[in-house]
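S.K.: Structure file start21.csv, CSV, C-alpha atoms, is pasted below:
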```
chain,number,residue,atom,x,y,z
A,1,MET,CA,127.7,-39.5,83.6
A,2,LYS,CA,128.8,-37.9,80.4
A,3,TYR,CA,132.2,-36.9,81.6
A,4,GLN,CA,133.0,-40.4,82.9
A,5,ARG,CA,132.1,-41.9,79.5
A,6,ILE,CA,134.4,-39.3,77.8
A,7,ARG,CA,137.2,-40.1,80.3
A,8,GLN,CA,136.9,-43.8,79.6
A,9,GLN,CA,137.0,-43.3,75.9
A,10,LEU,CA,140.1,-41.1,76.1
A,11,ILE,CA,141.8,-43.6,78.4
A,12,SER,CA,141.1,-46.4,75.9
A,13,GLU,CA,142.6,-44.2,73.1
A,14,ILE,CA,145.7,-43.4,75.2
A,15,ALA,CA,146.2,-47.2,75.7
A,16,THR,CA,146.1,-47.8,72.0
A,17,GLY,CA,148.7,-45.1,71.3
A,18,ALA,CA,146.4,-42.6,69.7
A,19,PHE,CA,148.2,-39.8,71.4
A,20,ILE,CA,151.9,-39.1,71.7
A,21,GLU,CA,153.6,-38.9,75.0
A,22,GLY,CA,155.0,-35.5,75.7
A,23,GLU,CA,152.8,-33.9,73.0
A,24,ALA,CA,149.8,-31.7,73.4
A,25,PHE,CA,146.6,-33.5,74.3
A,26,PRO,CA,143.2,-32.3,72.9
A,27,SER,CA,142.0,-29.2,74.5
A,28,GLU,CA,138.8,-28.6,76.4
A,29,ASN,CA,137.3,-26.9,73.4
A,30,ILE,CA,138.3,-29.8,71.1
A,31,VAL,CA,136.9,-32.4,73.5
A,32,ALA,CA,133.7,-30.5,73.9
A,33,GLU,CA,133.2,-30.3,70.1
A,34,ARG,CA,134.2,-33.9,69.4
A,35,PHE,CA,131.8,-35.4,72.0
A,36,SER,CA,129.1,-32.7,71.6
A,37,VAL,CA,129.1,-31.7,75.3
A,38,SER,CA,129.5,-28.5,77.2
A,39,ARG,CA,133.0,-27.1,78.0
A,40,MET,CA,132.2,-27.8,81.7
A,41,THR,CA,131.7,-31.5,81.0
A,42,ALA,CA,134.9,-31.6,78.9
A,43,ARG,CA,136.8,-29.8,81.7
A,44,ARG,CA,135.6,-32.4,84.2
A,45,ALA,CA,136.7,-35.3,82.0
A,46,LEU,CA,140.2,-33.8,81.4
A,47,GLY,CA,140.4,-32.9,85.1
A,48,GLU,CA,139.8,-36.6,86.0
A,49,LEU,CA,142.6,-37.6,83.6
A,50,GLU,CA,145.0,-35.1,85.1
A,51,ARG,CA,144.2,-36.3,88.7
A,52,GLU,CA,144.8,-39.9,87.6
A,53,GLY,CA,148.2,-39.0,86.2
A,54,TYR,CA,147.5,-39.3,82.5
A,55,LEU,CA,148.0,-35.5,81.8
A,56,THR,CA,150.0,-32.6,83.1
A,57,ARG,CA,149.1,-29.0,82.5
A,58,ILE,CA,151.9,-26.7,81.3
A,59,PRO,CA,151.3,-23.0,81.1
A,60,GLY,CA,151.3,-21.8,77.5
A,61,LYS,CA,151.2,-25.4,76.2
A,62,GLY,CA,148.0,-26.7,77.7
A,63,ASN,CA,147.5,-30.4,78.5
A,64,ILE,CA,150.4,-32.7,77.8
A,65,LEU,CA,150.2,-36.5,77.8
A,66,LYS,CA,152.5,-38.0,80.5
A,67,LYS,CA,154.4,-41.2,80.4
A,68,PRO,CA,152.3,-43.6,82.4
A,69,SER,CA,153.5,-44.6,85.8
A,70,PHE,CA,153.1,-48.2,86.8
A,71,SER,CA,150.6,-49.0,89.5
A,72,ARG,CA,149.2,-52.2,90.8
A,73,GLY,CA,146.3,-53.3,93.1
A,74,PHE,CA,144.9,-51.1,95.8
A,75,PHE,CA,145.6,-50.0,99.3
A,76,THR,CA,143.7,-48.6,102.2
A,77,VAL,CA,145.0,-46.2,104.8
A,78,LYS,CA,144.3,-46.8,108.4
A,79,PRO,CA,143.1,-44.0,110.7
A,80,PHE,CA,146.0,-42.3,112.4
A,81,GLU,CA,144.9,-43.3,115.9
A,82,VAL,CA,144.5,-46.9,114.8
A,83,TYR,CA,148.0,-46.9,113.4
A,84,ALA,CA,149.4,-45.3,116.5
A,85,GLU,CA,147.8,-48.0,118.7
A,86,GLU,CA,149.3,-50.8,116.6
A,87,GLN,CA,152.7,-49.2,117.0
A,88,ASN,CA,152.2,-48.8,120.8
A,89,ALA,CA,152.8,-45.1,120.3
A,90,LYS,CA,151.0,-42.1,121.7
A,91,ALA,CA,149.2,-40.1,119.0
A,92,SER,CA,148.9,-36.3,119.2
A,93,THR,CA,147.8,-33.6,116.8
A,94,GLN,CA,148.7,-29.9,116.4
A,95,LEU,CA,146.3,-27.7,114.6
A,96,LEU,CA,148.2,-25.0,112.7
A,97,LYS,CA,145.4,-23.4,110.8
A,98,ALA,CA,141.6,-23.6,110.1
A,99,GLU,CA,140.2,-20.9,107.9
A,100,VAL,CA,138.3,-20.2,104.7
A,101,GLN,CA,140.5,-19.9,101.6
A,102,ASN,CA,140.0,-19.2,97.9
A,103,LEU,CA,141.3,-22.2,95.9
A,104,ASP,CA,143.9,-22.1,93.3
A,105,VAL,CA,143.4,-23.7,89.9
A,106,ALA,CA,144.4,-27.1,91.0
A,107,GLY,CA,142.1,-27.0,94.0
A,108,GLN,CA,139.2,-25.7,91.9
A,109,GLU,CA,139.6,-28.7,89.6
A,110,LYS,CA,139.7,-31.2,92.4
A,111,LEU,CA,136.7,-29.8,94.4
A,112,GLN,CA,134.8,-28.1,91.5
A,113,VAL,CA,134.3,-24.9,93.6
A,114,LYS,CA,136.2,-21.7,94.3
A,115,LYS,CA,136.2,-21.6,98.1
A,116,ALA,CA,137.1,-24.2,100.7
A,117,VAL,CA,137.6,-24.7,104.4
A,118,PHE,CA,141.3,-25.2,104.9
A,119,VAL,CA,142.6,-27.3,107.8
A,120,HIS,CA,146.3,-27.7,108.3
A,121,ARG,CA,147.5,-30.2,111.0
A,122,LEU,CA,150.7,-31.9,112.2
A,123,ARG,CA,150.3,-35.4,113.7
A,124,SER,CA,152.9,-37.0,115.9
A,125,LEU,CA,153.8,-40.5,117.2
A,126,ASP,CA,155.3,-40.1,120.7
A,127,ASP,CA,157.5,-37.0,120.3
A,128,ASP,CA,158.1,-37.3,116.5
A,129,ILE,CA,156.1,-35.4,113.9
A,130,VAL,CA,155.4,-38.0,111.2
A,131,LEU,CA,152.5,-36.6,109.2
A,132,GLU,CA,151.5,-33.2,107.7
A,133,GLU,CA,147.9,-33.0,106.7
A,134,GLN,CA,146.6,-30.2,104.4
A,135,ARG,CA,142.9,-30.6,103.9
A,136,TYR,CA,140.5,-28.6,101.8
A,137,LEU,CA,136.8,-29.1,102.3
A,138,ARG,CA,134.1,-27.6,100.0
A,139,TYR,CA,132.8,-24.5,101.7
A,140,ASP,CA,129.3,-24.9,100.4
A,141,LEU,CA,129.0,-28.3,102.1
A,142,CYS,CA,131.4,-28.0,105.1
A,143,SER,CA,131.4,-24.4,106.3
A,144,SER,CA,129.8,-25.4,109.6
A,145,LEU,CA,133.1,-27.2,110.6
A,146,LEU,CA,134.4,-23.8,111.5
A,147,GLN,CA,131.8,-23.6,114.2
A,148,GLU,CA,133.1,-26.6,116.1
A,149,ASP,CA,134.1,-25.7,119.6
A,150,LEU,CA,133.4,-22.0,118.9
A,151,THR,CA,136.6,-20.3,117.9
A,152,THR,CA,139.2,-22.7,119.3
A,153,LEU,CA,138.3,-25.5,116.9
A,154,ALA,CA,139.6,-28.0,119.4
A,155,THR,CA,137.4,-30.8,118.0
A,156,LEU,CA,139.3,-30.6,114.7
A,157,THR,CA,142.3,-31.6,116.7
A,158,ASN,CA,140.8,-34.4,118.7
A,159,GLU,CA,138.0,-35.8,116.5
A,160,SER,CA,138.0,-37.5,113.1
A,161,ILE,CA,137.0,-35.1,110.4
A,162,HIS,CA,135.8,-38.2,108.5
A,163,ASP,CA,133.3,-38.9,111.4
A,164,LEU,CA,132.2,-35.2,111.4
A,165,LEU,CA,131.4,-35.3,107.7
A,166,ILE,CA,129.4,-38.5,108.0
A,167,HIS,CA,127.6,-38.1,111.3
A,168,LYS,CA,127.3,-34.3,111.9
A,169,LEU,CA,127.1,-33.0,108.3
A,170,GLN,CA,125.2,-36.1,107.0
A,171,LEU,CA,127.4,-36.5,104.0
A,172,PRO,CA,127.7,-40.1,102.8
A,173,LEU,CA,131.2,-40.7,101.6
A,174,THR,CA,130.8,-42.9,98.6
A,175,ARG,CA,134.0,-42.9,96.6
A,176,VAL,CA,137.7,-42.2,97.1
A,177,TRP,CA,140.4,-41.5,94.6
A,178,GLN,CA,144.0,-41.6,95.9
A,179,GLN,CA,147.5,-41.7,94.6
A,180,LEU,CA,150.7,-42.5,96.6
A,181,ASN,CA,154.1,-41.4,95.5
A,182,VAL,CA,157.6,-41.3,97.0
A,183,ILE,CA,159.4,-38.0,97.4
A,184,SER,CA,162.3,-36.5,99.4
A,185,LEU,CA,161.7,-33.6,101.7
A,186,ASP,CA,162.9,-30.2,100.7
A,187,ALA,CA,164.5,-27.8,103.2
A,188,ASP,CA,161.2,-26.2,104.3
A,189,LYS,CA,159.4,-29.6,104.8
A,190,ALA,CA,162.4,-31.0,106.6
A,191,LYS,CA,162.4,-28.0,108.9
A,192,LEU,CA,158.7,-28.6,109.6
A,193,PHE,CA,159.3,-32.3,110.4
A,194,GLN,CA,162.5,-31.4,112.3
A,195,CYS,CA,164.6,-33.9,110.3
A,196,PRO,CA,167.4,-33.8,107.7
A,197,GLU,CA,166.8,-32.5,104.3
A,198,HIS,CA,166.1,-35.1,101.6
A,199,THR,CA,164.6,-37.5,104.2
A,200,PRO,CA,162.3,-39.9,102.2
A,201,ALA,CA,158.6,-39.3,102.4
A,202,PHE,CA,155.3,-40.6,101.1
A,203,LEU,CA,152.9,-38.1,99.5
A,204,LEU,CA,149.3,-39.3,99.5
A,205,ASP,CA,146.9,-37.2,97.4
A,206,GLN,CA,143.3,-38.1,98.1
A,207,VAL,CA,139.9,-36.8,96.9
A,208,THR,CA,136.7,-38.1,98.7
A,209,HIS,CA,133.3,-37.8,97.1
A,210,THR,CA,129.7,-37.9,98.2
A,211,PHE,CA,128.1,-39.5,95.2
A,212,GLU,CA,129.2,-37.3,92.2
A,213,LYS,CA,130.4,-34.3,94.3
A,214,PRO,CA,133.9,-34.1,95.6
A,215,VAL,CA,133.8,-33.2,99.3
A,216,THR,CA,137.4,-33.0,100.5
A,217,TRP,CA,140.8,-33.0,99.0
A,218,VAL,CA,143.7,-33.9,101.3
A,219,ARG,CA,147.5,-33.9,100.8
A,220,TYR,CA,149.1,-36.2,103.4
A,221,LEU,CA,152.9,-36.1,103.7
A,222,TYR,CA,154.3,-38.9,105.8
A,223,ARG,CA,157.9,-39.3,106.9
A,224,GLY,CA,159.2,-42.4,105.1
A,225,ASP,CA,161.7,-43.3,107.9
A,226,LYS,CA,158.9,-43.1,110.6
A,227,TYR,CA,155.8,-44.4,108.8
A,228,SER,CA,154.9,-47.4,106.8
A,229,PHE,CA,151.9,-48.8,105.0
A,230,GLU,CA,150.7,-52.4,105.4
A,231,ASN,CA,147.7,-54.2,103.9
A,232,GLU,CA,146.1,-57.7,104.1
A,233,PHE,CA,143.8,-58.8,101.4
A,234,SER,CA,142.4,-61.9,99.5
A,235,PRO,CA,144.7,-62.9,96.6
A,236,ASN,CA,141.7,-64.3,94.7
A,237,ASN,CA,141.6,-61.5,92.2
A,238,GLN,CA,145.3,-60.8,92.1
A,239,THR,CA,147.5,-61.7,89.1
A,240,ASN,CA,151.3,-61.5,88.7
```
Since I need it in another form, could you write the structure as structure tokens?
M.R.:
Amino acid sequence: MKYQRIRQQLISEIATGAFIEGEAFPSENIVAERFSVSRMTARRALGELEREGYLTRIPGKGNILKKPSFSRGFFTVKPFEVYAEEQNAKASTQLLKAEVQNLDVAGQEKLQVKKAVFVHRLRSLDDDIVLEEQRYLRYDLCSSLLQEDLTTLATLTNESIHDLLIHKLQLPLTRVWQQLNVISLDADKAKLFQCPEHTPAFLLDQVTHTFEKPVTWVRYLYRGDKYSFENEFSPNNQTN
């Protein structure tokens, strides 16, 4: 795809120091002109760089090159129910909201549409809320999820949305981009989790694709004092 080639070329140039950290990055128009592509293609390439943490968008200044954050390897995230079973804990879910929403600029860039099905859930282990899930699904591909269990949407509380996408909506999930960061909970989030302000937390940002189309964007917020991540993998391709 053209936008992927542009993305890779710009990443290579960033690595060689062609752009200055904290300074303005080439705009959508400049990228489109330089690579002889449409503005939409240029927008997708720049959107990928922003999602991957190379750029930040500042109102009035445009795209700014960020200082690279160090990352290493890969990780997978276990289904919540599997994690609960491993912890010998009872999993439960509270559905707060399921509705159609117009996406803001960030959401439009991630899903490449203007409208989405929004599902907001809290997930608990035993009696502790440990995970907030804010999920946006492309309305043009996933609107039928709002018909699950008529108006109560109970299945969105008890079933895996991942399974519904694959088996009911027949959407192959082919690629996932995700980024995990450590934050501290502000007053509002601490109140939601019923814990002290500034409690450490993991913020997992995840976009899942069906081939070249993004299907769902999820922001998972995990209580850092109640949830942990663990992986096991072959060290064959790992270097120190």
S.K.: Give me, as a tab-separated table, each residue of range 15-54 of chain A that comes within 10 Å of range 89-111 of chain A, together with its shortest interatomic pair and the distance in Å at one decimal, counting only C-alpha atoms, with rows ordered by chain and rising residue number.
M.R.:
```
residue	atom	partner	partner_atom	distance
A:Arg43	CA	A:Glu109	CA	8.5
A:Arg44	CA	A:Glu109	CA	7.7
A:Leu46	CA	A:Glu109	CA	9.7
A:Gly47	CA	A:Glu109	CA	6.2
A:Glu48	CA	A:Lys110	CA	8.4
A:Glu50	CA	A:Glu109	CA	9.5
A:Arg51	CA	A:Lys110	CA	7.7
```
S.K.: Out of A:Pro200, A:Gly22, A:Gly62, A:Gly17, which residue has the shortest atom-to-atom distance to Ser228 in chain A when counting only C-alpha atoms?
M.R.: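 Nearest candidate to Ser228 in chain A out of A:Pro200, A:Gly22, A:Gly62, A:Gly17: A:Pro200.
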S.K.: How many Å lie between CA of Tyr3 in chain A and CA of Thr41 in chain A, rounded to one decimal?
M.R.: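 Distance between the two atoms: 5.5 Å.
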S.K.: Which one of A:Gln194, A:Gln134, A:Gln178, A:Asn231 sits closest to Val218 in chain A if you count all atoms listed in the file?
M.R.: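 Looking only at the distances to Val218 in chain A, the closest residue turns out to be A:Gln134.
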S.K.: Using only C-alpha atoms, find each residue in range 178-235 of chain A having at least one atom no more than 8 Å away from range 167-174 of chain A; report its shortest atom-to-atom pair and that distance in Å (one decimal), rows by chain then rising number, as JSON lines.
M.R.:
```
{"residue": "A:Thr208", "atom": "CA", "partner": "A:Leu173", "partner_atom": "CA", "distance": 6.7}
{"residue": "A:His209", "atom": "CA", "partner": "A:Leu173", "partner_atom": "CA", "distance": 5.8}
{"residue": "A:Thr210", "atom": "CA", "partner": "A:Leu173", "partner_atom": "CA", "distance": 4.7}
{"residue": "A:Phe211", "atom": "CA", "partner": "A:Thr174", "partner_atom": "CA", "distance": 5.5}
```
S.K.: Would you mind reading off the distance between CA of Gln179 in chain A and CA of Val31 in chain A, one decimal, in Å?
M.R.: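 If I compute the distance from CA of Gln179 in chain A to CA of Val31 in chain A, I get 25.4 Å.
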S.K.: With all atoms listed in the file as the basis for distance, which of A:Val113, A:Leu131, A:Leu145, A:Ile166 is at the shortest distance from Lys213 in chain A?
M.R.: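 Under the stated criterion, the closest residue is A:Val113.
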S.K.: Kindly give the distance, in Å, that separates CA of Leu204 in chain A and CA of Ile6 in chain A, rounded to a single decimal.
M.R.: 26.3 Å
S.K.: Please determine, counting all atoms listed in the file, which residue among A:Val119, A:Thr76, A:Leu192, A:Val82 has the shortest atom-to-atom distance to Glu232 in chain A.
M.R.: A:Thr76
S.K.: Please determine, counting all atoms listed in the file, which residue among A:Leu55, A:Ala187, A:Cys195, A:Leu203 has the shortest atom-to-atom distance to Ser27 in chain A.
M.R.: A:Leu55
S.K.: Quick one: everything within 7 Å of Arg39 in chain A, counting only C-alpha atoms, minus sequence neighbours fewer than 3 positions away in the same chain. Send it as an NGL selection string.
M.R.: :A and (28-29 or 32 or 42-43)
